[in-house]
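Structure data follow from upload_24.pdb (PDB, C-alpha atoms and all ligand atoms):
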ATOM      1  CA  MET A   1     -44.146  21.822  59.775
ATOM      2  CA  SER A   2     -42.313  18.983  58.062
ATOM      3  CA  ASP A   3     -38.825  17.838  58.960
ATOM      4  CA  TYR A   4     -38.497  15.707  55.850
ATOM      5  CA  GLN A   5     -37.991  16.451  52.187
ATOM      6  CA  GLU A   6     -41.234  16.487  50.219
ATOM      7  CA  THR A   7     -39.870  17.834  46.964
ATOM      8  CA  LEU A   8     -41.553  15.224  44.759
ATOM      9  CA  TYR A   9     -44.746  14.278  46.598
ATOM     10  CA  GLU A  10     -46.891  16.625  48.638
ATOM     11  CA  GLY A  11     -47.386  15.285  52.162
ATOM     12  CA  TYR A  12     -45.058  12.329  51.744
ATOM     13  CA  GLY A  13     -41.317  12.566  51.927
ATOM     14  CA  GLN A  14     -37.984  11.116  52.739
ATOM     15  CA  ARG A  15     -35.427  11.910  55.403
ATOM     16  CA  PHE A  16     -31.714  11.111  55.264
ATOM     17  CA  ARG A  17     -29.315  12.001  58.066
ATOM     18  CA  MET A  18     -26.392  13.940  56.622
ATOM     19  CA  ASP A  19     -23.502  12.432  58.596
ATOM     20  CA  ARG A  20     -20.849  14.264  56.611
ATOM     21  CA  LEU A  21     -21.272  16.807  53.858
ATOM     22  CA  LEU A  22     -18.782  16.038  51.090
ATOM     23  CA  HIS A  23     -19.711  18.656  48.526
ATOM     24  CA  GLU A  24     -22.396  21.236  47.811
ATOM     25  CA  VAL A  25     -22.545  23.506  44.791
ATOM     26  CA  ARG A  26     -25.008  25.370  42.608
ATOM     27  CA  THR A  27     -24.029  24.292  39.107
ATOM     28  CA  GLY A  28     -25.325  26.240  36.119
ATOM     29  CA  HIS A  29     -28.235  23.734  36.009
ATOM     30  CA  GLN A  30     -29.069  22.473  39.497
ATOM     31  CA  HIS A  31     -28.246  22.383  43.206
ATOM     32  CA  LEU A  32     -25.898  19.447  43.802
ATOM     33  CA  VAL A  33     -25.202  17.908  47.217
ATOM     34  CA  ILE A  34     -23.123  14.803  47.965
ATOM     35  CA  PHE A  35     -23.049  13.541  51.530
ATOM     36  CA  GLU A  36     -22.447  10.462  53.649
ATOM     37  CA  ASN A  37     -25.166   8.531  55.423
ATOM     38  CA  ALA A  38     -24.405   5.689  57.826
ATOM     39  CA  ARG A  39     -26.920   3.297  56.250
ATOM     40  CA  MET A  40     -26.934   4.203  52.544
ATOM     41  CA  GLY A  41     -23.290   5.216  52.071
ATOM     42  CA  ARG A  42     -22.558   8.190  49.854
ATOM     43  CA  VAL A  43     -25.666   9.894  48.542
ATOM     44  CA  MET A  44     -26.231  12.440  45.765
ATOM     45  CA  ALA A  45     -29.154  14.852  45.658
ATOM     46  CA  LEU A  46     -30.054  17.268  42.869
ATOM     47  CA  ASP A  47     -32.435  20.139  43.614
ATOM     48  CA  GLY A  48     -33.363  18.451  46.899
ATOM     49  CA  VAL A  49     -34.302  15.106  45.290
ATOM     50  CA  ILE A  50     -32.220  12.041  46.173
ATOM     51  CA  GLN A  51     -30.764  10.666  42.934
ATOM     52  CA  THR A  52     -28.584   7.768  43.954
ATOM     53  CA  THR A  53     -27.004   6.072  46.951
ATOM     54  CA  GLU A  54     -24.039   3.729  47.157
ATOM     55  CA  ALA A  55     -26.047   1.093  49.015
ATOM     56  CA  ASP A  56     -28.695   0.314  46.390
ATOM     57  CA  GLU A  57     -27.487   1.879  43.141
ATOM     58  CA  PHE A  58     -26.629  -1.581  41.770
ATOM     59  CA  ILE A  59     -30.319  -2.515  41.495
ATOM     60  CA  TYR A  60     -31.191   0.505  39.395
ATOM     61  CA  HIS A  61     -28.060   0.523  37.242
ATOM     62  CA  GLU A  62     -28.042  -3.213  36.517
ATOM     63  CA  MET A  63     -31.732  -3.262  35.593
ATOM     64  CA  LEU A  64     -31.603  -0.197  33.372
ATOM     65  CA  THR A  65     -28.527  -1.555  31.549
ATOM     66  CA  HIS A  66     -28.497  -5.350  31.354
ATOM     67  CA  VAL A  67     -32.176  -5.786  30.506
ATOM     68  CA  PRO A  68     -32.035  -3.891  27.175
ATOM     69  CA  ILE A  69     -28.488  -4.914  26.227
ATOM     70  CA  LEU A  70     -29.039  -8.625  26.821
ATOM     71  CA  ALA A  71     -32.509  -8.486  25.249
ATOM     72  CA  HIS A  72     -30.968  -6.919  22.158
ATOM     73  CA  GLY A  73     -28.239  -9.536  22.010
ATOM     74  CA  ALA A  74     -25.820  -7.753  19.674
ATOM     75  CA  ALA A  75     -25.651  -4.154  20.885
ATOM     76  CA  ARG A  76     -22.526  -2.440  19.565
ATOM     77  CA  ARG A  77     -23.492   1.202  19.928
ATOM     78  CA  VAL A  78     -25.088   2.482  23.117
ATOM     79  CA  LEU A  79     -26.322   5.982  23.961
ATOM     80  CA  ILE A  80     -26.725   7.062  27.600
ATOM     81  CA  VAL A  81     -28.738  10.238  28.193
ATOM     82  CA  GLY A  82     -28.062  11.833  31.596
ATOM     83  CA  GLY A  83     -26.346   9.355  33.893
ATOM     84  CA  GLY A  84     -23.784  11.860  35.200
ATOM     85  CA  ASP A  85     -22.877   9.752  38.234
ATOM     86  CA  GLY A  86     -21.394   7.083  35.918
ATOM     87  CA  GLY A  87     -23.330   4.078  37.286
ATOM     88  CA  ILE A  88     -24.999   3.215  33.960
ATOM     89  CA  LEU A  89     -21.726   3.803  32.150
ATOM     90  CA  ARG A  90     -19.967   1.357  34.490
ATOM     91  CA  GLU A  91     -22.530  -1.357  33.728
ATOM     92  CA  VAL A  92     -22.531  -0.702  29.940
ATOM     93  CA  CYS A  93     -18.712  -0.951  29.937
ATOM     94  CA  ARG A  94     -18.986  -4.500  31.295
ATOM     95  CA  HIS A  95     -20.469  -5.638  27.963
ATOM     96  CA  ARG A  96     -17.546  -6.611  25.758
ATOM     97  CA  SER A  97     -19.807  -6.617  22.674
ATOM     98  CA  VAL A  98     -20.326  -2.848  23.001
ATOM     99  CA  GLU A  99     -17.897  -0.998  20.760
ATOM    100  CA  ARG A 100     -18.912   2.617  21.242
ATOM    101  CA  ILE A 101     -20.666   4.407  24.090
ATOM    102  CA  THR A 102     -21.962   7.958  23.723
ATOM    103  CA  MET A 103     -23.037   9.631  26.940
ATOM    104  CA  VAL A 104     -24.844  12.978  26.791
ATOM    105  CA  GLU A 105     -25.048  14.691  30.159
ATOM    106  CA  ILE A 106     -26.238  18.273  30.530
ATOM    107  CA  ASP A 107     -24.199  19.081  33.621
ATOM    108  CA  ALA A 108     -20.397  18.718  33.530
ATOM    109  CA  THR A 109     -20.235  19.481  37.258
ATOM    110  CA  VAL A 110     -22.264  16.357  38.101
ATOM    111  CA  VAL A 111     -19.722  14.242  36.207
ATOM    112  CA  GLU A 112     -16.709  15.920  37.802
ATOM    113  CA  MET A 113     -18.091  15.853  41.338
ATOM    114  CA  CYS A 114     -19.262  12.244  41.063
ATOM    115  CA  LYS A 115     -15.859  11.145  39.788
ATOM    116  CA  GLU A 116     -14.353  12.739  42.885
ATOM    117  CA  PHE A 117     -16.928  12.055  45.603
ATOM    118  CA  LEU A 118     -18.837   9.002  44.276
ATOM    119  CA  PRO A 119     -15.988   7.037  42.621
ATOM    120  CA  GLU A 120     -17.604   3.654  43.310
ATOM    121  CA  HIS A 121     -20.370   4.515  40.846
ATOM    122  CA  SER A 122     -18.136   4.789  37.788
ATOM    123  CA  ARG A 123     -15.115   2.741  38.975
ATOM    124  CA  GLY A 124     -12.891   4.207  36.272
ATOM    125  CA  ALA A 125     -15.457   3.834  33.460
ATOM    126  CA  PHE A 126     -15.038   7.482  32.414
ATOM    127  CA  GLU A 127     -11.535   6.450  31.231
ATOM    128  CA  ASP A 128     -12.888   3.666  28.968
ATOM    129  CA  PRO A 129     -11.615   4.315  25.404
ATOM    130  CA  ARG A 130     -15.039   3.367  23.970
ATOM    131  CA  LEU A 131     -16.623   6.418  25.640
ATOM    132  CA  ASN A 132     -17.512   9.637  23.853
ATOM    133  CA  LEU A 133     -18.712  12.005  26.608
ATOM    134  CA  VAL A 134     -20.786  14.914  25.297
ATOM    135  CA  ILE A 135     -21.799  17.756  27.613
ATOM    136  CA  ASP A 136     -25.112  18.903  26.158
ATOM    137  CA  ASP A 137     -28.866  18.733  26.533
ATOM    138  CA  GLY A 138     -29.964  15.177  25.716
ATOM    139  CA  MET A 139     -33.012  16.485  23.846
ATOM    140  CA  ARG A 140     -30.897  18.674  21.615
ATOM    141  CA  PHE A 141     -28.477  15.811  20.989
ATOM    142  CA  VAL A 142     -31.070  13.227  19.886
ATOM    143  CA  ALA A 143     -32.861  15.825  17.769
ATOM    144  CA  THR A 144     -29.753  16.655  15.757
ATOM    145  CA  THR A 145     -27.330  13.704  15.756
ATOM    146  CA  GLU A 146     -26.697  11.637  12.650
ATOM    147  CA  ASP A 147     -25.430   8.741  14.797
ATOM    148  CA  ARG A 148     -27.530   5.621  15.222
ATOM    149  CA  PHE A 149     -27.674   3.342  18.275
ATOM    150  CA  ASP A 150     -28.687  -0.193  19.158
ATOM    151  CA  VAL A 151     -29.677   0.694  22.715
ATOM    152  CA  ILE A 152     -30.586   4.082  24.229
ATOM    153  CA  ILE A 153     -30.730   4.385  28.024
ATOM    154  CA  SER A 154     -32.263   7.510  29.541
ATOM    155  CA  ASP A 155     -31.029   7.885  33.128
ATOM    156  CA  SER A 156     -32.639  11.221  33.814
ATOM    157  CA  THR A 157     -33.809  13.243  36.755
ATOM    158  CA  ASP A 158     -37.587  13.393  37.308
ATOM    159  CA  PRO A 159     -39.722  15.416  34.873
ATOM    160  CA  ILE A 160     -39.107  18.717  36.621
ATOM    161  CA  GLY A 161     -36.220  21.065  35.853
ATOM    162  CA  PRO A 162     -33.691  20.110  33.158
ATOM    163  CA  GLY A 163     -34.984  16.511  32.993
ATOM    164  CA  GLU A 164     -38.505  17.511  31.909
ATOM    165  CA  VAL A 165     -37.711  17.456  28.176
ATOM    166  CA  LEU A 166     -36.510  13.861  28.496
ATOM    167  CA  PHE A 167     -40.135  12.795  29.037
ATOM    168  CA  SER A 168     -41.565  14.748  26.090
ATOM    169  CA  GLU A 169     -43.128  13.318  22.951
ATOM    170  CA  ASN A 170     -40.366  14.988  20.938
ATOM    171  CA  PHE A 171     -37.720  13.157  22.954
ATOM    172  CA  TYR A 172     -39.261   9.712  22.407
ATOM    173  CA  GLN A 173     -39.745  10.458  18.702
ATOM    174  CA  ALA A 174     -36.159  11.616  18.319
ATOM    175  CA  CYS A 175     -34.873   8.542  20.169
ATOM    176  CA  ARG A 176     -36.917   6.310  17.873
ATOM    177  CA  ARG A 177     -35.302   8.029  14.865
ATOM    178  CA  CYS A 178     -31.828   7.397  16.364
ATOM    179  CA  LEU A 179     -32.360   3.641  16.808
ATOM    180  CA  ASN A 180     -31.016   1.033  14.410
ATOM    181  CA  ASP A 181     -33.288  -1.814  13.308
ATOM    182  CA  GLY A 182     -33.952  -3.994  16.351
ATOM    183  CA  GLY A 183     -33.041  -1.083  18.645
ATOM    184  CA  ILE A 184     -34.372  -0.594  22.173
ATOM    185  CA  LEU A 185     -35.055   2.543  24.243
ATOM    186  CA  VAL A 186     -35.344   2.312  28.036
ATOM    187  CA  THR A 187     -36.025   5.215  30.381
ATOM    188  CA  GLN A 188     -36.370   5.655  34.122
ATOM    189  CA  ASN A 189     -40.059   6.335  34.703
ATOM    190  CA  GLY A 190     -40.613   6.910  38.408
ATOM    191  CA  THR A 191     -42.611   4.859  40.918
ATOM    192  CA  PRO A 192     -46.097   4.181  39.517
ATOM    193  CA  PHE A 193     -47.787   4.147  42.916
ATOM    194  CA  MET A 194     -46.731   7.759  43.382
ATOM    195  CA  GLN A 195     -46.360   8.884  39.761
ATOM    196  CA  LEU A 196     -49.047   6.993  37.862
ATOM    197  CA  GLY A 197     -49.732   9.982  35.622
ATOM    198  CA  GLU A 198     -46.119   9.958  34.497
ATOM    199  CA  VAL A 199     -46.358   6.301  33.490
ATOM    200  CA  GLN A 200     -49.655   6.941  31.725
ATOM    201  CA  THR A 201     -48.261   9.859  29.743
ATOM    202  CA  THR A 202     -45.197   7.871  28.687
ATOM    203  CA  ALA A 203     -47.440   4.982  27.598
ATOM    204  CA  GLN A 204     -49.497   7.329  25.399
ATOM    205  CA  ARG A 205     -46.326   8.716  23.851
ATOM    206  CA  MET A 206     -44.765   5.295  23.204
ATOM    207  CA  ASN A 207     -47.953   3.865  21.713
ATOM    208  CA  GLY A 208     -47.728   3.968  17.929
ATOM    209  CA  LEU A 209     -44.060   4.902  17.989
ATOM    210  CA  PHE A 210     -42.581   1.497  18.794
ATOM    211  CA  ALA A 211     -43.444  -1.958  17.421
ATOM    212  CA  ASP A 212     -43.401  -3.102  21.046
ATOM    213  CA  TRP A 213     -43.689  -0.936  24.154
ATOM    214  CA  HIS A 214     -44.200  -1.818  27.772
ATOM    215  CA  PHE A 215     -42.748  -1.162  31.240
ATOM    216  CA  TYR A 216     -40.724  -3.249  33.635
ATOM    217  CA  GLN A 217     -40.115  -2.849  37.336
ATOM    218  CA  ALA A 218     -37.609  -3.142  40.150
ATOM    219  CA  ALA A 219     -37.868  -2.078  43.778
ATOM    220  CA  VAL A 220     -35.055   0.334  44.631
ATOM    221  CA  PRO A 221     -35.366   1.416  48.297
ATOM    222  CA  THR A 222     -34.007   4.899  47.577
ATOM    223  CA  TYR A 223     -36.906   5.668  45.227
ATOM    224  CA  ILE A 224     -39.682   5.705  47.777
ATOM    225  CA  GLY A 225     -43.267   4.700  47.181
ATOM    226  CA  GLY A 226     -42.898   1.148  45.876
ATOM    227  CA  ALA A 227     -41.382  -0.450  42.807
ATOM    228  CA  MET A 228     -39.920   1.800  40.153
ATOM    229  CA  THR A 229     -40.878   1.457  36.489
ATOM    230  CA  PHE A 230     -38.636   1.627  33.469
ATOM    231  CA  ALA A 231     -40.230   2.349  30.102
ATOM    232  CA  TRP A 232     -39.423  -0.017  27.250
ATOM    233  CA  GLY A 233     -39.736   0.857  23.563
ATOM    234  CA  ALA A 234     -38.453  -1.702  21.056
ATOM    235  CA  CYS A 235     -38.351  -1.759  17.256
ATOM    236  CA  ASP A 236     -38.730  -5.529  17.340
ATOM    237  CA  ALA A 237     -41.337  -7.314  19.468
ATOM    238  CA  ALA A 238     -39.208 -10.450  19.817
ATOM    239  CA  SER A 239     -36.655  -8.860  22.159
ATOM    240  CA  ARG A 240     -39.168  -8.832  25.045
ATOM    241  CA  ARG A 241     -40.223 -12.425  24.501
ATOM    242  CA  LEU A 242     -36.925 -14.280  24.300
ATOM    243  CA  PRO A 243     -36.940 -17.953  25.229
ATOM    244  CA  PRO A 244     -35.429 -18.251  28.729
ATOM    245  CA  ASP A 245     -32.562 -20.477  27.535
ATOM    246  CA  ILE A 246     -31.455 -17.870  24.967
ATOM    247  CA  LEU A 247     -31.419 -15.137  27.595
ATOM    248  CA  ARG A 248     -29.453 -17.347  29.986
ATOM    249  CA  GLN A 249     -26.977 -18.207  27.216
ATOM    250  CA  ARG A 250     -26.421 -14.502  26.512
ATOM    251  CA  PHE A 251     -25.989 -13.675  30.189
ATOM    252  CA  VAL A 252     -23.524 -16.494  30.831
ATOM    253  CA  GLY A 253     -21.709 -15.603  27.586
ATOM    254  CA  SER A 254     -21.332 -11.983  28.739
ATOM    255  CA  GLY A 255     -19.250 -13.158  31.699
ATOM    256  CA  ILE A 256     -20.980 -10.536  33.858
ATOM    257  CA  VAL A 257     -21.323 -11.285  37.563
ATOM    258  CA  ALA A 258     -24.281  -9.241  38.766
ATOM    259  CA  ARG A 259     -25.610  -8.486  42.243
ATOM    260  CA  TYR A 260     -29.273  -8.023  41.334
ATOM    261  CA  TYR A 261     -29.804  -8.963  37.695
ATOM    262  CA  ASN A 262     -30.372 -12.513  36.537
ATOM    263  CA  PRO A 263     -32.393 -13.793  33.565
ATOM    264  CA  GLU A 264     -35.344 -14.813  35.750
ATOM    265  CA  ILE A 265     -35.526 -11.337  37.330
ATOM    266  CA  HIS A 266     -35.269  -9.897  33.807
ATOM    267  CA  GLN A 267     -38.280 -11.806  32.524
ATOM    268  CA  GLY A 268     -40.335 -11.477  35.703
ATOM    269  CA  ALA A 269     -39.776  -7.709  35.800
ATOM    270  CA  PHE A 270     -42.145  -7.242  32.850
ATOM    271  CA  ALA A 271     -45.087  -8.610  34.869
ATOM    272  CA  LEU A 272     -46.973  -5.504  35.997
ATOM    273  CA  PRO A 273     -49.597  -5.057  38.700
ATOM    274  CA  GLN A 274     -53.153  -4.743  37.465
ATOM    275  CA  TYR A 275     -53.511  -1.044  38.408
ATOM    276  CA  VAL A 276     -50.479  -0.210  36.271
ATOM    277  CA  LEU A 277     -51.761  -2.291  33.337
ATOM    278  CA  GLN A 278     -55.093  -0.470  33.555
ATOM    279  CA  ALA A 279     -53.360   2.893  33.645
ATOM    280  CA  ILE A 280     -51.366   2.145  30.508
ATOM    281  CA  GLY A 281     -54.388   0.750  28.679
ATOM    282  CA  LYS A 282     -53.342  -2.921  28.718
ATOM    283  CA  PRO A 283     -55.734  -4.400  31.324
TER     284      PRO A 283
HETATM  285  N1  LIG B   1     -31.004   7.575  38.891
HETATM  286  C1  LIG B   1     -31.553   8.841  39.162
HETATM  287  C2  LIG B   1     -33.031   8.843  39.394
HETATM  288  O1  LIG B   1     -33.732   7.931  38.951
HETATM  289  O2  LIG B   1     -33.499   9.782  40.039
HETATM  290  C3  LIG B   1     -31.137   9.884  38.199
HETATM  291  C4  LIG B   1     -29.648   9.918  38.099
HETATM  292  S1  LIG B   1     -28.931  11.462  37.757
HETATM  293  C5  LIG B   1     -27.435  10.787  37.203
HETATM  294  C6  LIG B   1     -29.729  12.068  36.314
HETATM  295  C7  LIG B   1     -28.855  12.949  35.445
HETATM  296  O3  LIG B   1     -29.627  13.472  34.371
HETATM  297  C8  LIG B   1     -28.230  14.129  36.156
HETATM  298  O4  LIG B   1     -26.836  13.989  36.147
HETATM  299  C9  LIG B   1     -28.698  15.342  35.357
HETATM  300  O5  LIG B   1     -27.730  16.361  35.256
HETATM  301  C10 LIG B   1     -29.015  14.702  34.006
HETATM  302  N2  LIG B   1     -29.935  15.458  33.163
HETATM  303  C11 LIG B   1     -31.061  16.111  33.544
HETATM  304  N3  LIG B   1     -31.630  16.697  32.492
HETATM  305  C12 LIG B   1     -30.869  16.398  31.415
HETATM  306  C13 LIG B   1     -30.959  16.733  30.031
HETATM  307  N4  LIG B   1     -31.943  17.498  29.559
HETATM  308  N5  LIG B   1     -29.991  16.260  29.203
HETATM  309  C14 LIG B   1     -28.982  15.474  29.674
HETATM  310  N6  LIG B   1     -28.844  15.155  30.980
HETATM  311  C15 LIG B   1     -29.780  15.602  31.837
END
Before anything else, please render the file you have as structure tokens.
Amino acid sequence: MSDYQETLYEGYGQRFRMDRLLHEVRTGHQHLVIFENARMGRVMALDGVIQTTEADEFIYHEMLTHVPILAHGAARRVLIVGGGDGGILREVCRHRSVERITMVEIDATVVEMCKEFLPEHSRGAFEDPRLNLVIDDGMRFVATTEDRFDVIISDSTDPIGPGEVLFSENFYQACRRCLNDGGILVTQNGTPFMQLGEVQTTAQRMNGLFADWHFYQAAVPTYIGGAMTFAWGACDAASRRLPPDILRQRFVGSGIVARYYNPEIHQGAFALPQYVLQAIGKP
């Protein structure tokens, strides 16, 4: 008998005390629960998997947003796939250089419920005039759109349920087609200690598709099992190897005050442990 949630990993799970249930609903796509926890603040789970918590969301959202946008240096058009809680949107909105943000989220209920019960995630960003919010499957959108983007950020659920297509070869290929010259794709890619196969599969799919592909990491306590990886696919190899003073200049110029991100963390995050390098064929 287990008294913890082991939805993702057999025999290893996570337990949160639900101090106050704020909302629970079966949307057309998934089972959504938002509750309060004394340590982690407000928490959202989808299909029994914890997605985000108020306490540590800044680590994930800053790293998945500022790393590609500052590495790009002149991103004007940004696409967010998933991201219904609005945390990535909030961070993208902080970049004054960004002129247009398209966000494609499959589940309108996630957006509506997060605006109401997790307002600190988006902090009004859904009202930003640069936003074009599309309620649709991200795979379908990238396969059919004529729009082109400088940065694409995939803030998806894990590769089970509606998020599975966002890890497919077709998805990465379609994203590559939607990128402008110098464009960058980043995707949440799970914790390699627990999901090494996922990282390996993404590496195989990125290889040959992007001039430069790699992964970078950040430890987010909510995503159990060690540091989390983000996949990186860039049309231009230089964006991952910026001189530190250029990156610092861009960060200072952005005027962004971050809680986790800084240029040193940015560059250090691309250093991967040996077992991950071996798994992705870059030992
Ligand atoms: N940060 C979380 C994590 O790493 O577990 C995930 C955040 S949650 C906002 C992911 C979002 O992806 C959900 O709102 C979900 O509805 C959305 N999503 C899942 N599959 C999708 C798809 N095929 N197209 C667009 N959005 C999708």
Practice task
Please extract the residues at most 7 Å from ligand LIG 1 (chain B), counting all atoms listed in the file, and provide them as a list in words, using the chain letters and residue numbers of this document.
Solution key: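 Taking all atoms listed in the file into account, the residues around ligand LIG 1 (chain B) at most 7 Å away are Ile50, Gln51, Thr52, Val81, Gly82, Gly83, Gly84, Asp85, Val104, Glu105, Ile106, Asp107, Val110, Asp136, Asp137, Gly138, Met139, Asp155, Ser156, Thr157, Asp158, Pro162, Gly163, Glu164, Val165, Leu166, Gln188 and Gly190 of chain A.
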Restrict the selected residues to C-alpha atoms and save them as a PDB file, keeping the file's coordinate frame.
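Output file again-v6.pdb follows:
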ATOM      1  CA  ILE A  50     -32.220  12.041  46.173  1.00  0.00           C
ATOM      2  CA  GLN A  51     -30.764  10.666  42.934  1.00  0.00           C
ATOM      3  CA  THR A  52     -28.584   7.768  43.954  1.00  0.00           C
ATOM      4  CA  VAL A  81     -28.738  10.238  28.193  1.00  0.00           C
ATOM      5  CA  GLY A  82     -28.062  11.833  31.596  1.00  0.00           C
ATOM      6  CA  GLY A  83     -26.346   9.355  33.893  1.00  0.00           C
ATOM      7  CA  GLY A  84     -23.784  11.860  35.200  1.00  0.00           C
ATOM      8  CA  ASP A  85     -22.877   9.752  38.234  1.00  0.00           C
ATOM      9  CA  VAL A 104     -24.844  12.978  26.791  1.00  0.00           C
ATOM     10  CA  GLU A 105     -25.048  14.691  30.159  1.00  0.00           C
ATOM     11  CA  ILE A 106     -26.238  18.273  30.530  1.00  0.00           C
ATOM     12  CA  ASP A 107     -24.199  19.081  33.621  1.00  0.00           C
ATOM     13  CA  VAL A 110     -22.264  16.357  38.101  1.00  0.00           C
ATOM     14  CA  ASP A 136     -25.112  18.903  26.158  1.00  0.00           C
ATOM     15  CA  ASP A 137     -28.866  18.733  26.533  1.00  0.00           C
ATOM     16  CA  GLY A 138     -29.964  15.177  25.716  1.00  0.00           C
ATOM     17  CA  MET A 139     -33.012  16.485  23.846  1.00  0.00           C
ATOM     18  CA  ASP A 155     -31.029   7.885  33.128  1.00  0.00           C
ATOM     19  CA  SER A 156     -32.639  11.221  33.814  1.00  0.00           C
ATOM     20  CA  THR A 157     -33.809  13.243  36.755  1.00  0.00           C
ATOM     21  CA  ASP A 158     -37.587  13.393  37.308  1.00  0.00           C
ATOM     22  CA  PRO A 162     -33.691  20.110  33.158  1.00  0.00           C
ATOM     23  CA  GLY A 163     -34.984  16.511  32.993  1.00  0.00           C
ATOM     24  CA  GLU A 164     -38.505  17.511  31.909  1.00  0.00           C
ATOM     25  CA  VAL A 165     -37.711  17.456  28.176  1.00  0.00           C
ATOM     26  CA  LEU A 166     -36.510  13.861  28.496  1.00  0.00           C
ATOM     27  CA  GLN A 188     -36.370   5.655  34.122  1.00  0.00           C
ATOM     28  CA  GLY A 190     -40.613   6.910  38.408  1.00  0.00           C
TER      29      GLY A 190
END
Using 7 Å as the limit and counting only C-alpha atoms, can you tabulate each residue of segment 71-106 of chain A that touches segment 124-134 of chain A, with its shortest atom-to-atom distance in Å and the two atoms involved, as a Markdown table?
| residue | atom | partner | partner_atom | distance |
| --- | --- | --- | --- | --- |
| A:Leu89 | CA | A:Ala125 | CA | 6.4 |
| A:Arg90 | CA | A:Ala125 | CA | 5.2 |
| A:Cys93 | CA | A:Ala125 | CA | 6.8 |
| A:Glu99 | CA | A:Arg130 | CA | 6.1 |
| A:Arg100 | CA | A:Arg130 | CA | 4.8 |
| A:Ile101 | CA | A:Leu131 | CA | 4.8 |
| A:Thr102 | CA | A:Asn132 | CA | 4.8 |
| A:Met103 | CA | A:Leu133 | CA | 4.9 |
| A:Val104 | CA | A:Val134 | CA | 4.7 |
| A:Glu105 | CA | A:Val134 | CA | 6.5 |
Exercise for the section: State, in Å with one decimal place, the distance from atom CA of Ile280 of chain A to atom CA of Ala71 of chain A. Expected result: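 Taking atom CA of Ile280 of chain A as the start and atom CA of Ala71 of chain A as the end point, the length is 22.3 Å.
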Problem - Minimum-distance residue to Leu21 of chain A, chosen among A:Phe117, A:Phe270, A:Tyr275, A:Tyr260 (using only C-alpha atoms) - result: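 When distances to Leu21 of chain A are compared using only C-alpha atoms, the smallest one comes from A:Phe117.
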Practice task
Could you list the residues chosen by the PyMOL selection byres (((chain A and resi 205-220) around 6) and not hetatm) in this structure as a list in words?
Solution key: Glu169, Thr202, Ala203, Gln204, Pro221, Thr222, Tyr223, Ala227, Met228, Thr229, Phe230, Ala231, Trp232, Gly233, Ala234, Cys235, Asp236, Ala237, Ala269 and Phe270 of chain A
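Across the model, the gap from atom CA of Glu62 of chain A to atom CA of Ala258 of chain A is 7.5 Å.
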Problem - Output check: residues returned by the PyMOL selection byres (((chain A and resi 25) around 12) and not hetatm), as a PyMOL selection string - result: chain A and resi 21-24+26-34+44-47+109-110+112-113
Practice task
Would you please work out which residue, of A:Ile265, A:Gly225, A:Gln278, A:Arg77, is nearest to Met194 of chain A when using all atoms listed in the file?
Solution key: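 Using all atoms listed in the file, the shortest distance to Met194 of chain A belongs to A:Gly225.
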Handout entry: Among the residues A:Phe171, A:Phe149, A:Phe193, A:Tyr60, the one that comes closest to Ile224 of chain A [using only C-alpha atoms]
Key =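 Among the listed residues, the smallest separation from Ile224 of chain A belongs to A:Phe193.
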Centre and size of axis-aligned box enclosing segment 153-157 of chain A plus 8 Å each side, as JSON:
{"center_x": -32.3, "center_y": 8.8, "center_z": 32.4, "size_x": 19.1, "size_y": 24.9, "size_z": 24.7}
Exercise for the section: Select all residues near (-26.2, 6.8, 49.9) (cut-off 9 Å, inclusive, file coordinates), counting only C-alpha atoms, and output them as JSON, numbers by chain. Expected result: {"A": [16, 34, 35, 36, 37, 38, 39, 40, 41, 42, 43, 44, 50, 52, 53, 54, 55, 56, 57, 222]}
